[in-house]
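Asks: I am attaching a structure below and will ask some questions about it afterwards.
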2 protein chains.
Amino acid sequence: VNLKDIGEFGFIERISAGCLIRPEGVVQAIGDDAAATVPPAGEVLLVTCDLLVERVHFLRDAVSGVDLGHKALAVNLSDIAAMGGTARDAYVSIAIPESCGMEYLEAIYRGMKTLAAEFAVNILGGDTTSSARDLVLAITVTGSAPADRILRRSGAKPGDAIGVTGVLGDSRAGLRQILDGRLPATPAENALYQAHVRPRPHLAEGRWLAGTGAVHAAIDVSDGLSSDIGHISRASGVGIRLEASRIPVSDALIDHCRQRGLDPLAQALAGGEDYVLLFCAAPDAIDRLAKAFADEFGRPFTIIGHTTATAGRMEIRDPDGRVRPFAARGWDHFRRQP
Amino acid sequence: VNLKDIGEFGFIERISAGCLIRPEGVVQAIGDDAAATVPPAGEVLLVTCDLLVERVHFLRDAVSGVDLGHKALAVNLSDIAAMGGTARDAYVSIAIPESCGMEYLEAIYRGMKTLAAEFAVNILGGDTTSSARDLVLAITVTGSAPADRILRRSGAKPGDAIGVTGVLGDSRAGLRQILDGRLPATPAENALYQAHVRPRPHLAEGRWLAGTGAVHAAIDVSDGLSSDIGHISRASGVGIRLEASRIPVSDALIDHCRQRGLDPLAQALAGGEDYVLLFCAAPDAIDRLAKAFADEFGRPFTIIGHTTATAGRMEIRDPDGRVRPFAARGWDHFRRQP
């Protein structure tokens with residue numbers, strides 16, 4: 001099948017199958033000027049957008065269509081998770097260069113639809129266009145949450161415990177493997193690869209954290225721990241004290257770093273695209289939360305430090321006990337990279 | 001000011017000013033993982049997306065930043081208009097190549113914000129990234145409407161009157177001028193140019209039509225009259241009979257076509273990007289509607305034909321009285337263009 005033969009509307013028809021998997025509340029799906037849905041009564045509407053551009057976010061010959069589709073949707077779902085919300089509907093816009101074949105495009109939608117179905121998310125619309133050179137994916141995801149239970153970056157209080165819902169740095173290591181042209185040869189290398197190409201949005205974890213009433217702020221780790229904790233610090237007007245020895249890293253990352261003479265801690269701090277949740281919670285509730293979280297999810301979250309009253313001061317205590325300042329060193333799309 | 005100096009977050013800060021112009025119902029604006037708003041009680045949520053790609057939808061050296069920003073938002077607002085909705089919030093994602101300077105970017109946002117303010121639309125989020133070569137704008141707009149009053153493509157009944165809320169073909173003529181490298185030299189040429197670069201979303205008209213209860217179906221003319229009436233024909237299962245002599249074209253378009261040996265009717269049928277509303281309404285109500293519309297908006301809508309019971313048959317009666325079939329000849333992003 002060739003795009004030039006089936007045309008824009010033929011393409012839309014082809015990809016529309018399997019997009020509506022939770023019909024309740026859907027008044028108009030794909031096929032009109034706009035989608036129409038009934039918003040959940042008494043909840044706020046959450047909206048998030050991500051733009052993925054070829055040769056910036058991905059290389060078409062280095063990532064399968066299925067993985068690209070999965071990740072493009074996963075990063076949006078992760079933003080809804082970070083607000084403590086339930087993901088509802090996705091809108092997928094795509095700009096397609098002539099060099100991109102139908103097989104790759106159908107694989108993208110397969111990757112998205114598989115993940116969408118897992119979280120009961122409909123694909124209800126989008127836009128389809130040609131592109132002069134680069135493949136572009138622009139996804140918008142809507143979600144909802146009780147108004148008094150959304151998790152923002154701005155709610156942290158001094159003395160809050162800082163937790164993360166998973167390990168850090170694996171995704172960056174997986175990207176390094178890909179850029180080295182190295183196919184995963186061991187289970188450990190495959191774990192790093194999967195962390196990069198198939199991140200799991202922590203939607204259930206986000207809703208659970210929001211539901212406790214004891215979590216004051218949250219963000220998903222997309223730019224990198226140091227950068228994302230910086231967002232909370234700035235938005236909440238608190239300082240940050242991290243404990244280096246507590247930052248959770250995987251054995252796979254430690255191996256990866258040993259082989260390359262890298263510091264796992266630096267990878268965990270600056271890596272990015274981890275898509276775990278980083279949150280601040282009331283210190284007197286944190287032990288109870290930790291136990292209940294482990295009971296619920298069968299794995300613990302990790303306390304990696306606490307907030308302080310000194311707005312803007314970000315410090316980390318190294319394993320040798322020395323305290324040093326750290327700066328946000330995550331990804332910035334426009335700055336000259338270090 | 002240089003993007004490399006201020007960085008991604010500096011850029012976001014710069015463009016965020018003036019984005020929140022209707023704070024009611026906004027729980028979280030730009031600055032968190034997702035925006036949060038209170039959906040209007042008892043109404044359905046409308047969502048529409050458009051993707052604009054450099055060298056496909058626009059040429060950066062042929063369109064000002066202000067015009068590009070205006071149009072990028074206008075085409076989304078037009079989709080909400082076509083549903084009979086009220087536009088509420090916009091989400092703007094942008095992929096920026098190194099070759100694109102801050103002045104042009106700020107002009108894009110100025111164009112968007114001016115139009116947004118006119119229709120009380122907030123800009124509540126989006127995504128900001130670099131691009132390898134082409135500037136990309138991906139905009140999502142939310143809106144709302146009473147559930148029993150949305151206008152779909154699928155509601156037309158046989159015998160409905162077909163109306164349009166404005167002239168057709170001007171935008172395509174304006175584009176031809178631009179592609180010819182011709183700056184507007186007369187008021188007429190300027191009108192065509194403006195129709196192409198500054199389309200007016202017919203939001204008030206769409207809401208008004210929906211509110212009458214007598215309008216069965218609507219679409220905005222984006223792909224071209226013949227293509228967009230084809231969407232209504234297919235979605236509603238009706239046939240189409242247009243009256244060539246009634247299709248409204250401007251004097252400016254007639255002049256433009258005379259100078260170039262073109263047929264204004266063909267331009268009106270296949271032009272596209274007109275962003276007027278095309279609608280089907282109960283025949284027994286149409287005279288009353290026409291009068292009330294003219295009273296409300298100070299200009300008439302135009303009846304250009306009617307629907308028939310022969311699903312899929314699309315015909316037009318030429319000025320000489322002969323009836324001929326016509327096909328959808330609008331823009332298709334992937335097909336070989338005629």
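Here, A, B, ... name the chains of the structure tokens in the order displayed, residue numbers run from 1 inside each chain, and ligands are numbered from 1 in the same displayed order.
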For range 161-173 of chain B, please output as a PyMOL selection string all residues within 6 Å (counting only C-alpha atoms; exclusion window: fewer than 4 positions along the same chain).

Replies: chain B and resi 192+195-196+248-249+253+267-268+271+274+276-281+283+301-306

Asks: If you run DSSP on the backbone here, which positions in range 187-224 of chain A get alpha helix (DSSP H)? Please write them as a list of chain:residue names.

Replies: A:Pro187, A:Ala188, A:Glu189, A:Asn190, A:Ala191, A:Leu192, A:Tyr193, A:Gln194, A:Ala195, A:His196, A:Val197, A:Leu203, A:Ala204, A:Glu205, A:Gly206, A:Arg207, A:Trp208, A:Leu209, A:Ala210, A:Gly211, A:Thr212

Asks: So the first atom is CA of Cys49 in chain A and the second is CA of Ala36 in chain A; what is the distance between them in Å, to one decimal place?

Replies: 18.2 Å

Asks: Output the contact residues of chain B with respect to chain A at a cut-off of 7 Å, based on only C-alpha atoms, as a count of residues only.

Replies: 44

Asks: Go through range 216-258 of chain B and collect every residue that DSSP, computed from the backbone, puts in strand (DSSP E or B); the answer should be as a ChimeraX atom specification.

Replies: /B:216-220,239-243

Asks: Between CA of Leu209 in chain B and CA of Gly239 in chain B, measure the distance and give it in Å to one decimal.

Replies: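 Result for CA of Leu209 in chain B versus CA of Gly239 in chain B: 21.8 Å, one decimal.
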
Asks: For Ala74 in chain B, work out the shell of residues within 7 Å, counting only C-alpha atoms and skipping chain neighbours fewer than 4 positions away, then give it as a PyMOL selection string.

Replies: chain B and resi 70+78+199-201

Asks: List the neighbours of Leu115 in chain A out to 8 Å using only C-alpha atoms; skip same-chain residues closer than 3 positions along the sequence, and give me the result as a tab-separated table (two decimals) with C-alpha atoms, in the first residue's frame.

Replies:
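Here's the written file selection31.tsv:
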chain	number	residue	atom	x	y	z
A	70	HIS	CA	4.77	3.72	21.99
A	73	LEU	CA	2.21	8.44	23.46
A	74	ALA	CA	3.98	7.31	26.66
A	111	GLY	CA	2.69	1.01	18.96
A	112	MET	CA	0.42	3.84	20.03
A	118	GLU	CA	-3.54	-0.76	27.97
A	119	PHE	CA	-4.57	2.47	29.67

Asks: Find the residues near Ala156 in chain A: any atom within 6 Å, counting only C-alpha atoms, skip ones fewer than 6 places away on the same chain, and give them as a list in words.

Replies: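 The filter keeps His216, Ala217, Ser236 and Cys280 of chain A.
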
Asks: How would the residues just picked look written out with N, CA, C and O atoms as a CSV table (one decimal), in the first residue's frame?

Replies:
chain,number,residue,atom,x,y,z
A,216,HIS,N,2.5,16.6,48.2
A,216,HIS,CA,2.3,18.0,48.0
A,216,HIS,C,2.6,18.5,46.6
A,216,HIS,O,2.1,19.6,46.1
A,217,ALA,N,3.5,17.8,45.9
A,217,ALA,CA,3.9,18.2,44.6
A,217,ALA,C,4.5,17.0,43.8
A,217,ALA,O,4.9,16.0,44.4
A,236,SER,N,7.9,25.9,43.8
A,236,SER,CA,7.4,25.8,45.2
A,236,SER,C,8.1,26.8,46.1
A,236,SER,O,7.7,27.0,47.3
A,280,CYS,N,7.1,15.2,46.3
A,280,CYS,CA,7.3,15.7,47.6
A,280,CYS,C,6.1,15.4,48.5
A,280,CYS,O,5.0,15.7,48.1

Asks: Excluding same-chain residues fewer than 5 positions from Ile15 in chain B, what lies within 9 Å of it counting only C-alpha atoms, as a PyMOL selection string?

Replies: chain B and resi 10+105-106+109-110

Asks: Take the residues just selected and output them with N, CA and C atoms as an mmCIF file, in the first residue's frame.

Replies:
data_model
loop_
_atom_site.group_PDB
_atom_site.id
_atom_site.type_symbol
_atom_site.label_atom_id
_atom_site.label_comp_id
_atom_site.auth_asym_id
_atom_site.auth_seq_id
_atom_site.Cartn_x
_atom_site.Cartn_y
_atom_site.Cartn_z
ATOM 1 N N GLY B 10 13.840 29.990 29.264
ATOM 2 C CA GLY B 10 13.777 31.432 29.056
ATOM 3 C C GLY B 10 12.802 31.786 27.950
ATOM 4 N N LEU B 105 9.853 34.443 15.846
ATOM 5 C CA LEU B 105 9.094 33.640 16.810
ATOM 6 C C LEU B 105 8.151 34.513 17.627
ATOM 7 N N GLU B 106 8.663 35.655 18.079
ATOM 8 C CA GLU B 106 7.807 36.533 18.881
ATOM 9 C C GLU B 106 6.652 37.072 18.044
ATOM 10 N N TYR B 109 3.880 34.453 17.954
ATOM 11 C CA TYR B 109 3.072 34.461 19.176
ATOM 12 C C TYR B 109 2.219 35.724 19.265
ATOM 13 N N ARG B 110 2.739 36.835 18.741
ATOM 14 C CA ARG B 110 1.951 38.066 18.740
ATOM 15 C C ARG B 110 0.701 37.870 17.880
#

Asks: Nearest to Glu24 in chain A: which of A:Ile247, A:Ala214, A:Ala120, A:Val66 is it, counting only C-alpha atoms?

Replies: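 Once distances to Glu24 in chain A are computed over only C-alpha atoms, the minimum belongs to A:Ala120.
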